[in-house]
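Next up, coords37.cif (mmCIF, C-alpha atoms and all ligand atoms):
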```cif
data_model
loop_
_atom_site.label_atom_id
_atom_site.label_comp_id
_atom_site.auth_asym_id
_atom_site.auth_seq_id
_atom_site.Cartn_x
_atom_site.Cartn_y
_atom_site.Cartn_z
CA MET A 27 -160.53 -54.85 -124.96
CA SER A 28 -158.43 -53.90 -121.98
CA GLU A 29 -154.81 -53.20 -122.70
CA GLU A 30 -152.16 -54.11 -120.17
CA LEU A 31 -150.19 -51.23 -118.66
CA LEU A 32 -148.42 -52.78 -115.67
CA ARG A 33 -147.93 -56.41 -114.74
CA ILE A 34 -146.54 -57.54 -111.40
CA GLU A 35 -145.16 -61.06 -111.23
CA LYS A 36 -144.37 -62.91 -108.03
CA VAL A 37 -143.34 -59.77 -106.18
CA GLY A 38 -142.11 -60.32 -102.64
CA LYS A 39 -140.91 -57.88 -99.99
CA ARG A 40 -139.68 -58.38 -96.45
CA PHE A 41 -138.80 -55.92 -93.74
CA GLY A 42 -136.56 -57.90 -91.40
CA LYS A 43 -138.72 -60.71 -90.03
CA ILE A 44 -141.95 -59.25 -91.45
CA THR A 45 -143.15 -60.50 -94.82
CA ALA A 46 -144.99 -57.49 -96.21
CA LEU A 47 -145.67 -59.06 -99.63
CA GLN A 48 -145.43 -62.63 -100.87
CA GLU A 49 -145.56 -63.68 -104.52
CA VAL A 50 -148.03 -61.00 -105.57
CA ASN A 51 -149.32 -61.36 -109.15
CA LEU A 52 -151.46 -58.51 -110.50
CA THR A 53 -152.19 -56.78 -113.79
CA PHE A 54 -153.30 -53.17 -114.18
CA ASN A 55 -154.83 -52.08 -117.49
CA LYS A 56 -154.88 -48.75 -119.28
CA ALA A 57 -157.66 -46.37 -118.23
CA GLU A 58 -158.79 -48.77 -115.53
CA VAL A 59 -159.57 -47.74 -111.95
CA VAL A 60 -158.52 -50.43 -109.50
CA GLY A 61 -159.46 -50.25 -105.84
CA LEU A 62 -156.81 -51.75 -103.59
CA VAL A 63 -158.31 -52.69 -100.24
CA GLY A 64 -157.40 -54.74 -97.19
CA ASP A 65 -156.87 -54.36 -93.50
CA ASN A 66 -154.12 -52.35 -91.77
CA GLY A 67 -150.76 -53.90 -92.48
CA ALA A 68 -152.06 -55.95 -95.45
CA GLY A 69 -149.25 -54.66 -97.67
CA LYS A 70 -151.11 -52.07 -99.76
CA SER A 71 -148.69 -49.19 -99.24
CA THR A 72 -145.70 -51.50 -99.63
CA LEU A 73 -147.03 -52.69 -103.00
CA ILE A 74 -147.57 -49.22 -104.36
CA LYS A 75 -144.20 -48.07 -103.02
CA ILE A 76 -142.61 -50.83 -105.11
CA ILE A 77 -144.59 -49.74 -108.17
CA SER A 78 -143.50 -46.16 -107.65
CA GLY A 79 -139.82 -46.90 -107.10
CA TYR A 80 -139.76 -45.94 -103.44
CA HIS A 81 -138.94 -49.51 -102.39
CA THR A 82 -137.35 -52.24 -104.48
CA ALA A 83 -138.85 -55.71 -104.44
CA ASP A 84 -136.78 -58.54 -102.95
CA SER A 85 -138.07 -60.92 -105.60
CA GLY A 86 -140.27 -60.98 -108.69
CA SER A 87 -140.59 -58.64 -111.67
CA LEU A 88 -142.46 -55.62 -112.98
CA TYR A 89 -143.45 -55.20 -116.64
CA TRP A 90 -144.44 -51.76 -117.90
CA GLU A 91 -146.23 -51.80 -121.26
CA GLY A 92 -144.90 -55.31 -121.74
CA LYS A 93 -141.25 -54.51 -121.01
CA LYS A 94 -139.45 -55.63 -117.91
CA VAL A 95 -138.52 -52.66 -115.75
CA ARG A 96 -136.63 -52.10 -112.54
CA PHE A 97 -137.35 -48.89 -110.67
CA ARG A 98 -134.57 -48.18 -108.21
CA LEU A 99 -135.65 -44.61 -107.51
CA PRO A 100 -139.00 -42.78 -107.52
CA LYS A 101 -137.84 -40.71 -110.49
CA HIS A 102 -137.46 -43.86 -112.61
CA ALA A 103 -141.15 -44.64 -112.13
CA ARG A 104 -142.13 -41.01 -112.63
CA ASN A 105 -140.22 -40.87 -115.89
CA MET A 106 -142.30 -43.81 -117.13
CA GLY A 107 -145.51 -41.95 -116.26
CA ILE A 108 -146.34 -43.27 -112.81
CA GLU A 109 -147.38 -40.53 -110.38
CA THR A 110 -147.98 -41.38 -106.77
CA VAL A 111 -149.78 -39.39 -104.13
CA TYR A 112 -148.52 -40.89 -100.88
CA GLN A 113 -150.42 -41.51 -97.71
CA GLU A 114 -147.77 -39.44 -95.93
CA GLN A 115 -148.62 -36.03 -97.39
CA ALA A 116 -147.03 -35.51 -100.81
CA LEU A 117 -147.39 -31.74 -100.88
CA ALA A 118 -145.26 -29.01 -99.34
CA PRO A 119 -147.77 -27.00 -97.26
CA ASP A 120 -145.61 -23.88 -97.04
CA LEU A 121 -145.15 -23.55 -100.78
CA THR A 122 -147.63 -22.11 -103.29
CA ILE A 123 -150.00 -24.21 -105.38
CA ALA A 124 -147.93 -23.51 -108.50
CA ARG A 125 -144.70 -24.63 -106.83
CA ASN A 126 -146.39 -27.79 -105.62
CA VAL A 127 -147.66 -28.69 -109.10
CA PHE A 128 -144.10 -28.41 -110.43
CA MET A 129 -142.24 -29.69 -107.37
CA GLY A 130 -138.92 -31.26 -108.35
CA ARG A 131 -139.51 -30.48 -112.04
CA GLU A 132 -139.52 -26.68 -112.04
CA PRO A 133 -138.99 -25.22 -115.51
CA SER A 134 -136.08 -22.80 -115.81
CA ASN A 135 -134.88 -20.53 -118.56
CA ALA A 136 -131.49 -20.66 -120.33
CA LEU A 137 -129.90 -18.82 -117.38
CA GLY A 138 -131.19 -21.42 -114.94
CA ILE A 139 -133.76 -19.07 -113.43
CA MET A 140 -137.01 -20.67 -112.35
CA GLN A 141 -139.95 -19.61 -114.50
CA GLU A 142 -142.49 -18.59 -111.87
CA LYS A 143 -144.92 -17.00 -114.29
CA LEU A 144 -145.04 -20.05 -116.54
CA MET A 145 -145.61 -22.31 -113.52
CA GLU A 146 -148.46 -20.10 -112.32
CA GLU A 147 -150.16 -19.97 -115.71
CA GLU A 148 -149.80 -23.66 -116.40
CA SER A 149 -150.96 -24.76 -112.98
CA MET A 150 -154.06 -22.54 -113.19
CA LYS A 151 -154.90 -24.08 -116.58
CA VAL A 152 -154.73 -27.63 -115.35
CA LEU A 153 -156.51 -26.89 -112.06
CA ARG A 154 -159.35 -25.15 -113.90
CA GLY A 155 -159.51 -28.10 -116.29
CA LEU A 156 -160.10 -30.31 -113.27
CA GLY A 157 -162.95 -28.03 -112.21
CA LEU A 158 -161.09 -26.83 -109.13
CA ARG A 159 -161.96 -23.26 -108.16
CA ILE A 160 -158.68 -21.75 -107.04
CA LYS A 161 -158.39 -18.00 -106.53
CA SER A 162 -154.72 -17.74 -107.25
CA PRO A 163 -151.79 -20.08 -107.92
CA ASP A 164 -149.88 -18.02 -105.31
CA GLN A 165 -152.02 -19.41 -102.52
CA LEU A 166 -150.15 -21.53 -100.01
CA VAL A 167 -151.16 -25.18 -100.01
CA LYS A 168 -151.65 -25.12 -96.23
CA LYS A 169 -154.61 -22.79 -96.78
CA LEU A 170 -156.41 -25.33 -99.00
CA SER A 171 -159.03 -27.86 -97.99
CA GLY A 172 -158.20 -31.58 -98.03
CA GLY A 173 -160.11 -32.10 -101.27
CA GLN A 174 -158.34 -29.19 -102.95
CA ARG A 175 -154.97 -30.59 -101.87
CA GLN A 176 -155.77 -33.87 -103.56
CA GLY A 177 -156.72 -31.81 -106.61
CA VAL A 178 -153.30 -30.14 -106.64
CA ALA A 179 -151.56 -33.52 -106.46
CA ILE A 180 -153.74 -34.86 -109.27
CA ALA A 181 -153.14 -31.71 -111.35
CA ARG A 182 -149.43 -32.46 -111.10
CA ALA A 183 -150.03 -35.92 -112.53
CA LEU A 184 -152.11 -34.50 -115.37
CA TYR A 185 -149.62 -31.80 -116.27
CA PHE A 186 -146.79 -34.31 -116.53
CA ASP A 187 -148.86 -36.72 -118.66
CA ALA A 188 -149.04 -39.59 -116.22
CA LYS A 189 -150.25 -42.92 -117.55
CA MET A 190 -150.96 -44.20 -114.07
CA VAL A 191 -151.89 -42.31 -110.92
CA ILE A 192 -151.63 -44.00 -107.55
CA LEU A 193 -153.63 -42.57 -104.66
CA ASP A 194 -152.94 -43.91 -101.18
CA GLU A 195 -156.00 -43.17 -99.00
CA PRO A 196 -156.96 -39.97 -100.84
CA THR A 197 -160.32 -39.66 -99.08
CA ILE A 198 -159.13 -40.14 -95.51
CA ALA A 199 -160.15 -37.30 -93.17
CA LEU A 200 -162.17 -35.50 -95.85
CA SER A 201 -165.69 -34.09 -95.58
CA VAL A 202 -168.51 -35.66 -97.61
CA LYS A 203 -168.30 -32.86 -100.16
CA GLU A 204 -164.52 -33.20 -100.47
CA VAL A 205 -164.80 -36.96 -100.94
CA ARG A 206 -167.19 -36.33 -103.82
CA GLU A 207 -164.64 -33.94 -105.38
CA VAL A 208 -161.86 -36.51 -105.15
CA LEU A 209 -164.05 -39.24 -106.67
CA GLU A 210 -164.86 -36.82 -109.49
CA PHE A 211 -161.11 -36.25 -110.07
CA VAL A 212 -160.67 -40.01 -110.34
CA ASN A 213 -163.43 -40.19 -112.96
CA GLN A 214 -161.72 -37.45 -114.92
CA LEU A 215 -158.41 -39.29 -114.87
CA LYS A 216 -160.14 -42.40 -116.19
CA GLN A 217 -161.85 -40.43 -118.95
CA LYS A 218 -158.45 -39.11 -120.01
CA GLY A 219 -157.25 -42.70 -120.40
CA ILE A 220 -155.18 -42.68 -117.21
CA ALA A 221 -155.06 -45.80 -115.02
CA VAL A 222 -155.73 -45.26 -111.33
CA ILE A 223 -154.86 -47.37 -108.30
CA PHE A 224 -156.96 -46.18 -105.40
CA ILE A 225 -156.19 -47.41 -101.88
CA THR A 226 -158.88 -46.99 -99.30
CA HIS A 227 -160.47 -48.44 -96.20
CA ASN A 228 -163.85 -47.09 -97.28
CA LEU A 229 -165.57 -49.59 -99.56
CA HIS A 230 -168.38 -47.15 -100.36
CA HIS A 231 -165.90 -44.66 -101.77
CA ILE A 232 -164.23 -47.20 -103.99
CA PHE A 233 -167.40 -48.88 -105.21
CA SER A 234 -168.58 -45.71 -106.91
CA VAL A 235 -165.44 -45.32 -109.05
CA ALA A 236 -163.58 -48.63 -109.40
CA ASP A 237 -163.76 -51.00 -112.36
CA ARG A 238 -162.00 -53.70 -110.37
CA LEU A 239 -161.28 -54.47 -106.74
CA VAL A 240 -158.25 -56.20 -105.33
CA VAL A 241 -158.14 -57.38 -101.73
CA LEU A 242 -154.74 -57.84 -100.10
CA ALA A 243 -154.39 -59.76 -96.85
CA ASN A 244 -151.12 -60.60 -95.14
CA GLY A 245 -149.18 -59.64 -98.24
CA GLU A 246 -151.18 -61.86 -100.59
CA VAL A 247 -153.91 -61.23 -103.17
CA MET A 248 -157.09 -62.70 -101.70
CA THR A 249 -159.54 -61.51 -104.33
CA ASP A 250 -159.38 -59.77 -107.70
CA VAL A 251 -162.89 -59.08 -109.08
CA ARG A 252 -164.75 -56.73 -111.35
CA THR A 253 -166.78 -54.29 -109.26
CA GLU A 254 -170.05 -55.24 -110.99
CA ASN A 255 -169.58 -58.84 -109.85
CA SER A 256 -169.22 -57.88 -106.21
CA SER A 257 -170.89 -55.85 -103.49
CA VAL A 258 -169.81 -53.79 -100.50
CA GLU A 259 -171.11 -56.60 -98.23
CA ASP A 260 -169.16 -59.32 -100.09
CA MET A 261 -165.97 -57.32 -99.98
CA SER A 262 -166.22 -56.43 -96.33
CA ASP A 263 -166.85 -60.13 -95.54
CA ILE A 264 -163.73 -61.10 -97.46
CA ILE A 265 -161.63 -58.52 -95.64
CA VAL A 266 -162.94 -59.49 -92.20
CA LYS A 267 -162.49 -63.22 -92.86
CA SER A 268 -158.98 -62.79 -94.21
CA THR A 269 -158.03 -60.89 -91.06
CA LEU A 270 -159.60 -63.49 -88.77
CA GLY A 271 -157.77 -66.21 -90.72
CA ALA A 272 -154.48 -64.55 -89.86
CA LEU A 273 -155.28 -64.54 -86.16
CA VAL A 274 -156.11 -68.25 -85.74
N1 LIG B 1 -140.47 -49.35 -93.74
C1 LIG B 1 -140.91 -50.41 -93.06
N2 LIG B 1 -140.13 -51.04 -92.15
C2 LIG B 1 -140.56 -52.13 -91.49
N3 LIG B 1 -141.78 -52.67 -91.64
C3 LIG B 1 -142.60 -52.10 -92.54
C4 LIG B 1 -142.22 -50.95 -93.29
N4 LIG B 1 -143.24 -50.61 -94.10
C5 LIG B 1 -144.22 -51.50 -93.86
N5 LIG B 1 -143.83 -52.40 -92.93
C6 LIG B 1 -144.63 -53.54 -92.44
O1 LIG B 1 -145.09 -54.27 -93.58
C7 LIG B 1 -146.44 -54.67 -93.41
C8 LIG B 1 -147.30 -54.06 -94.52
O2 LIG B 1 -147.38 -52.66 -94.30
P1 LIG B 1 -148.10 -51.64 -95.29
O3 LIG B 1 -147.75 -50.28 -94.86
O4 LIG B 1 -147.80 -52.02 -96.69
O5 LIG B 1 -149.64 -51.95 -94.98
P2 LIG B 1 -150.95 -51.21 -95.49
O6 LIG B 1 -151.80 -52.25 -96.12
O7 LIG B 1 -150.60 -50.02 -96.31
O8 LIG B 1 -151.63 -50.75 -94.13
P3 LIG B 1 -152.50 -49.41 -93.76
O9 LIG B 1 -153.89 -49.71 -94.24
O10 LIG B 1 -152.44 -49.38 -92.26
O11 LIG B 1 -151.87 -48.24 -94.41
C9 LIG B 1 -146.85 -54.24 -92.00
O12 LIG B 1 -146.63 -55.33 -91.15
C10 LIG B 1 -145.88 -53.10 -91.70
O13 LIG B 1 -145.66 -52.99 -90.33
MG MG B 2 -150.87 -47.96 -96.05
#
```

Kindly return the structure encoded in the file as structure tokens.
Ligand SMILES: Nc1ncnc2c1ncn2[C@@H]1O[C@H](COP(=O)(O)OP(=O)(O)OP(=O)(O)O)[C@@H](O)[C@H]1O
Ligand SMILES: [Mg+2]
Amino acid sequence: MSEELLRIEKVGKRFGKITALQEVNLTFNKAEVVGLVGDNGAGKSTLIKIISGYHTADSGSLYWEGKKVRFRLPKHARNMGIETVYQEQALAPDLTIARNVFMGREPSNALGIMQEKLMEEESMKVLRGLGLRIKSPDQLVKKLSGGQRQGVAIARALYFDAKMVILDEPTIALSVKEVREVLEFVNQLKQKGIAVIFITHNLHHIFSVADRLVVLANGEVMTDVRTENSSVEDMSDIIVKSTLGALV
């Protein structure tokens, strides 16, 4: 049976006159991959920014493992085990792979000196575990391919024992081969019992990995279905119709 990890109840968010989310109710279960889809401006990024403590909701509640929580800062969500890879690049391109894996949580010794060697060893372990072929943890992230960058962000989530990983458009601007790598990372997260929320505009990408699909339109949940009970055609119809509905 599926076990509830995160429940969102009647969450609303406005930006001035714009209603980005209205009374959103959703449940995310442990080890479940949920595809979050919907047109530009539907509210997808706003929703995951609320889950990850980057924005606070104006109304409604969040329950993490059954307990009511209020994330006022990204670190509150991170401390609970929610790792988010944002649409706006989450990595520091001019830093090494190892530094990126540990960013903001660098281990230091008793004298407060950063433990570079430990970071390098640990990041190599987790990257290899993901099947990522990296020559050296000293490599700068800007020298990596798009797929490898996603791998580094996901390695960070794995190292810090995330229970939920949120990916905002992880396959955008990637080559076919890189997309396949990212989808494979998502499968690995699922196999490790980690829940994934995957935002995308590409229904083909999400259909191959998601257990469930949620369509947002104009800040509301239009559809919430199991992938096996839907099809790419059905979903794209729903998205197109929900957008047209907003225009008339
Ligand atoms: N920081 C902000 N300030 C003002 N308006 C915002 C802000 N963030 C989002 N919005 C507005 O809220 C609505 C939802 O935006 P959001 O970014 O959540 O959409 P999205 O579904 O992620 O779209 P996309 O697929 O283009 O990334 C849009 O109308 C957007 O313009
Ligand atoms: Mg977005």

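Of the listed residues (A:Glu148, A:Asp65, A:Glu210, A:Glu35), A:Asp65 comes nearest to A:Asp263; the distances count only C-alpha atoms.
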
Could you give me the residues within 9 Å of ligand MG 2 (chain B), counting all atoms listed in the file, as a VMD selection string? chain A and resid 66 to 72 112 to 113 194 to 195 225 to 226

So what do you get for atom CA of A:Val205 versus atom CA of A:His230, distance-wise? 10.8 Å

As JSON: centre and edge lengths in Å, one decimal, of the axis-aligned box holding ligand LIG 1 (chain B) with 8 Å per side:
```
{"center_x": -147.0, "center_y": -51.8, "center_z": -93.5, "size_x": 29.8, "size_y": 23.1, "size_z": 22.4}
```

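Each of A:Glu58, A:Glu91, A:Asp120, A:Glu204 was compared to A:Leu32 using all atoms listed in the file, and A:Glu91 turns out to be the nearest.
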
Using all atoms listed in the file, find each residue of chain A with at least one atom at most 12 Å away from an atom of ligand LIG 1 (chain B); report its shortest atom-to-atom pair and that distance in Å (one decimal), sort the rows by chain and rising residue number, and return the result as a tab-separated table.
```
residue	atom	partner	partner_atom	distance
A:Gly38	CA	B:LIG1	O1	11.3
A:Lys39	CA	B:LIG1	O1	8.5
A:Arg40	CA	B:LIG1	O1	7.4
A:Phe41	CA	B:LIG1	C2	4.7
A:Gly42	CA	B:LIG1	C2	7.0
A:Lys43	CA	B:LIG1	N3	8.8
A:Ile44	CA	B:LIG1	O12	6.1
A:Thr45	CA	B:LIG1	O1	6.6
A:Ala46	CA	B:LIG1	O1	4.2
A:Leu47	CA	B:LIG1	C8	7.3
A:Gln48	CA	B:LIG1	C8	10.8
A:Leu62	CA	B:LIG1	O6	9.0
A:Val63	CA	B:LIG1	O6	7.7
A:Gly64	CA	B:LIG1	O6	6.2
A:Asp65	CA	B:LIG1	O9	5.6
A:Asn66	CA	B:LIG1	O10	3.4
A:Gly67	CA	B:LIG1	O5	3.4
A:Ala68	CA	B:LIG1	O6	3.8
A:Gly69	CA	B:LIG1	O4	3.2
A:Lys70	CA	B:LIG1	O6	3.7
A:Ser71	CA	B:LIG1	O7	3.6
A:Thr72	CA	B:LIG1	O4	3.7
A:Leu73	CA	B:LIG1	O4	6.4
A:Ile74	CA	B:LIG1	O4	8.2
A:Lys75	CA	B:LIG1	O4	8.3
A:Ile76	CA	B:LIG1	O4	10.0
A:Tyr80	CA	B:LIG1	N1	10.3
A:His81	CA	B:LIG1	N1	8.8
A:Thr82	CA	B:LIG1	N1	11.6
A:Tyr112	CA	B:LIG1	O11	10.3
A:Gln113	CA	B:LIG1	O11	7.6
A:Glu114	CA	B:LIG1	O11	9.8
A:Leu193	CA	B:LIG1	O7	11.6
A:Asp194	CA	B:LIG1	O11	8.1
A:Glu195	CA	B:LIG1	O11	8.0
A:Pro196	CA	B:LIG1	O11	11.6
A:Ile198	CA	B:LIG1	O11	10.9
A:Phe224	CA	B:LIG1	O7	11.7
A:Ile225	CA	B:LIG1	O9	8.3
A:Thr226	CA	B:LIG1	O9	7.6
A:His227	CA	B:LIG1	O9	7.0
A:Asn228	CA	B:LIG1	O9	10.7
A:Val240	CA	B:LIG1	O6	11.9
A:Val241	CA	B:LIG1	O6	9.9
A:Leu242	CA	B:LIG1	O6	7.5
A:Ala243	CA	B:LIG1	O6	8.0
A:Asn244	CA	B:LIG1	C8	7.6
A:Gly245	CA	B:LIG1	C8	7.0
A:Glu246	CA	B:LIG1	O6	10.6
A:Val247	CA	B:LIG1	O6	11.6
A:Ile265	CA	B:LIG1	O6	11.7
A:Thr269	CA	B:LIG1	O6	11.8
```

Any chance you could export the current selection's C-alpha atoms as an mmCIF file, in the coordinates of the input?
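Output (again_31.cif):
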```cif
data_model
loop_
_atom_site.group_PDB
_atom_site.id
_atom_site.type_symbol
_atom_site.label_atom_id
_atom_site.label_comp_id
_atom_site.auth_asym_id
_atom_site.auth_seq_id
_atom_site.Cartn_x
_atom_site.Cartn_y
_atom_site.Cartn_z
ATOM 1 C CA GLY A 38 -142.110 -60.320 -102.640
ATOM 2 C CA LYS A 39 -140.910 -57.880 -99.990
ATOM 3 C CA ARG A 40 -139.680 -58.380 -96.450
ATOM 4 C CA PHE A 41 -138.800 -55.920 -93.740
ATOM 5 C CA GLY A 42 -136.560 -57.900 -91.400
ATOM 6 C CA LYS A 43 -138.720 -60.710 -90.030
ATOM 7 C CA ILE A 44 -141.950 -59.250 -91.450
ATOM 8 C CA THR A 45 -143.150 -60.500 -94.820
ATOM 9 C CA ALA A 46 -144.990 -57.490 -96.210
ATOM 10 C CA LEU A 47 -145.670 -59.060 -99.630
ATOM 11 C CA GLN A 48 -145.430 -62.630 -100.870
ATOM 12 C CA LEU A 62 -156.810 -51.750 -103.590
ATOM 13 C CA VAL A 63 -158.310 -52.690 -100.240
ATOM 14 C CA GLY A 64 -157.400 -54.740 -97.190
ATOM 15 C CA ASP A 65 -156.870 -54.360 -93.500
ATOM 16 C CA ASN A 66 -154.120 -52.350 -91.770
ATOM 17 C CA GLY A 67 -150.760 -53.900 -92.480
ATOM 18 C CA ALA A 68 -152.060 -55.950 -95.450
ATOM 19 C CA GLY A 69 -149.250 -54.660 -97.670
ATOM 20 C CA LYS A 70 -151.110 -52.070 -99.760
ATOM 21 C CA SER A 71 -148.690 -49.190 -99.240
ATOM 22 C CA THR A 72 -145.700 -51.500 -99.630
ATOM 23 C CA LEU A 73 -147.030 -52.690 -103.000
ATOM 24 C CA ILE A 74 -147.570 -49.220 -104.360
ATOM 25 C CA LYS A 75 -144.200 -48.070 -103.020
ATOM 26 C CA ILE A 76 -142.610 -50.830 -105.110
ATOM 27 C CA TYR A 80 -139.760 -45.940 -103.440
ATOM 28 C CA HIS A 81 -138.940 -49.510 -102.390
ATOM 29 C CA THR A 82 -137.350 -52.240 -104.480
ATOM 30 C CA TYR A 112 -148.520 -40.890 -100.880
ATOM 31 C CA GLN A 113 -150.420 -41.510 -97.710
ATOM 32 C CA GLU A 114 -147.770 -39.440 -95.930
ATOM 33 C CA LEU A 193 -153.630 -42.570 -104.660
ATOM 34 C CA ASP A 194 -152.940 -43.910 -101.180
ATOM 35 C CA GLU A 195 -156.000 -43.170 -99.000
ATOM 36 C CA PRO A 196 -156.960 -39.970 -100.840
ATOM 37 C CA ILE A 198 -159.130 -40.140 -95.510
ATOM 38 C CA PHE A 224 -156.960 -46.180 -105.400
ATOM 39 C CA ILE A 225 -156.190 -47.410 -101.880
ATOM 40 C CA THR A 226 -158.880 -46.990 -99.300
ATOM 41 C CA HIS A 227 -160.470 -48.440 -96.200
ATOM 42 C CA ASN A 228 -163.850 -47.090 -97.280
ATOM 43 C CA VAL A 240 -158.250 -56.200 -105.330
ATOM 44 C CA VAL A 241 -158.140 -57.380 -101.730
ATOM 45 C CA LEU A 242 -154.740 -57.840 -100.100
ATOM 46 C CA ALA A 243 -154.390 -59.760 -96.850
ATOM 47 C CA ASN A 244 -151.120 -60.600 -95.140
ATOM 48 C CA GLY A 245 -149.180 -59.640 -98.240
ATOM 49 C CA GLU A 246 -151.180 -61.860 -100.590
ATOM 50 C CA VAL A 247 -153.910 -61.230 -103.170
ATOM 51 C CA ILE A 265 -161.630 -58.520 -95.640
ATOM 52 C CA THR A 269 -158.030 -60.890 -91.060
#
```

For atom CA of A:Val191 and atom CA of A:Glu254, determine how far apart the two atoms are, in Å to one decimal place. 22.3 Å

Check the smallest atom-to-atom distance from each of A:Ala221, A:Leu156, A:Val266, A:Ala188 to A:Val208 using all atoms listed in the file, then report the winner. A:Leu156

What lies within 9 Å of stretch 149-151 of chain A using only C-alpha atoms, ignoring chain neighbours under 6 positions off, as a ChimeraX atom specification? /A:123-125,127-128,160,162-163,178,181-182,185

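Nearest-residue note for A:Ile232: choosing from A:Pro119, A:Gly61, A:Gly92, A:Gly79, the minimum distance belongs to A:Gly61, counting only C-alpha atoms.
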
Completed stretch 121-137 of chain A (N, CA and C atoms) as a PDB file, keeping the file's coordinate frame:
```pdb
ATOM      1  N   LEU A 121    -145.404 -24.084 -99.443  1.00  0.00           N
ATOM      2  CA  LEU A 121    -145.150 -23.550-100.780  1.00  0.00           C
ATOM      3  C   LEU A 121    -146.482 -23.261-101.477  1.00  0.00           C
ATOM      4  N   THR A 122    -146.404 -22.480-102.573  1.00  0.00           N
ATOM      5  CA  THR A 122    -147.630 -22.110-103.290  1.00  0.00           C
ATOM      6  C   THR A 122    -148.163 -23.320-104.079  1.00  0.00           C
ATOM      7  N   ILE A 123    -149.379 -23.175-104.551  1.00  0.00           N
ATOM      8  CA  ILE A 123    -150.000 -24.210-105.380  1.00  0.00           C
ATOM      9  C   ILE A 123    -149.118 -24.464-106.609  1.00  0.00           C
ATOM     10  N   ALA A 124    -148.710 -23.376-107.266  1.00  0.00           N
ATOM     11  CA  ALA A 124    -147.930 -23.510-108.500  1.00  0.00           C
ATOM     12  C   ALA A 124    -146.626 -24.279-108.243  1.00  0.00           C
ATOM     13  N   ARG A 125    -145.956 -23.945-107.150  1.00  0.00           N
ATOM     14  CA  ARG A 125    -144.700 -24.630-106.830  1.00  0.00           C
ATOM     15  C   ARG A 125    -144.934 -26.103-106.541  1.00  0.00           C
ATOM     16  N   ASN A 126    -146.076 -26.401-105.928  1.00  0.00           N
ATOM     17  CA  ASN A 126    -146.390 -27.790-105.620  1.00  0.00           C
ATOM     18  C   ASN A 126    -146.690 -28.598-106.887  1.00  0.00           C
ATOM     19  N   VAL A 127    -147.364 -27.979-107.845  1.00  0.00           N
ATOM     20  CA  VAL A 127    -147.660 -28.690-109.100  1.00  0.00           C
ATOM     21  C   VAL A 127    -146.339 -29.080-109.784  1.00  0.00           C
ATOM     22  N   PHE A 128    -145.362 -28.184-109.708  1.00  0.00           N
ATOM     23  CA  PHE A 128    -144.100 -28.410-110.430  1.00  0.00           C
ATOM     24  C   PHE A 128    -142.976 -28.982-109.558  1.00  0.00           C
ATOM     25  N   MET A 129    -143.279 -29.307-108.325  1.00  0.00           N
ATOM     26  CA  MET A 129    -142.240 -29.690-107.370  1.00  0.00           C
ATOM     27  C   MET A 129    -141.244 -30.712-107.922  1.00  0.00           C
ATOM     28  N   GLY A 130    -139.970 -30.353-107.873  1.00  0.00           N
ATOM     29  CA  GLY A 130    -138.920 -31.260-108.350  1.00  0.00           C
ATOM     30  C   GLY A 130    -138.720 -31.220-109.858  1.00  0.00           C
ATOM     31  N   ARG A 131    -139.618 -30.535-110.576  1.00  0.00           N
ATOM     32  CA  ARG A 131    -139.510 -30.480-112.040  1.00  0.00           C
ATOM     33  C   ARG A 131    -139.764 -29.048-112.513  1.00  0.00           C
ATOM     34  N   GLU A 132    -139.257 -28.072-111.734  1.00  0.00           N
ATOM     35  CA  GLU A 132    -139.520 -26.680-112.040  1.00  0.00           C
ATOM     36  C   GLU A 132    -138.847 -26.292-113.353  1.00  0.00           C
ATOM     37  N   PRO A 133    -139.608 -25.649-114.261  1.00  0.00           N
ATOM     38  CA  PRO A 133    -138.990 -25.220-115.510  1.00  0.00           C
ATOM     39  C   PRO A 133    -138.076 -24.016-115.259  1.00  0.00           C
ATOM     40  N   SER A 134    -136.951 -23.977-115.950  1.00  0.00           N
ATOM     41  CA  SER A 134    -136.080 -22.800-115.810  1.00  0.00           C
ATOM     42  C   SER A 134    -135.672 -22.328-117.194  1.00  0.00           C
ATOM     43  N   ASN A 135    -135.295 -21.070-117.271  1.00  0.00           N
ATOM     44  CA  ASN A 135    -134.880 -20.530-118.560  1.00  0.00           C
ATOM     45  C   ASN A 135    -133.409 -20.855-118.820  1.00  0.00           C
ATOM     46  N   ALA A 136    -132.858 -20.329-119.920  1.00  0.00           N
ATOM     47  CA  ALA A 136    -131.490 -20.660-120.330  1.00  0.00           C
ATOM     48  C   ALA A 136    -130.464 -20.252-119.259  1.00  0.00           C
ATOM     49  N   LEU A 137    -130.838 -19.277-118.427  1.00  0.00           N
ATOM     50  CA  LEU A 137    -129.900 -18.820-117.380  1.00  0.00           C
ATOM     51  C   LEU A 137    -130.075 -19.620-116.083  1.00  0.00           C
TER      52      LEU A 137
END
```
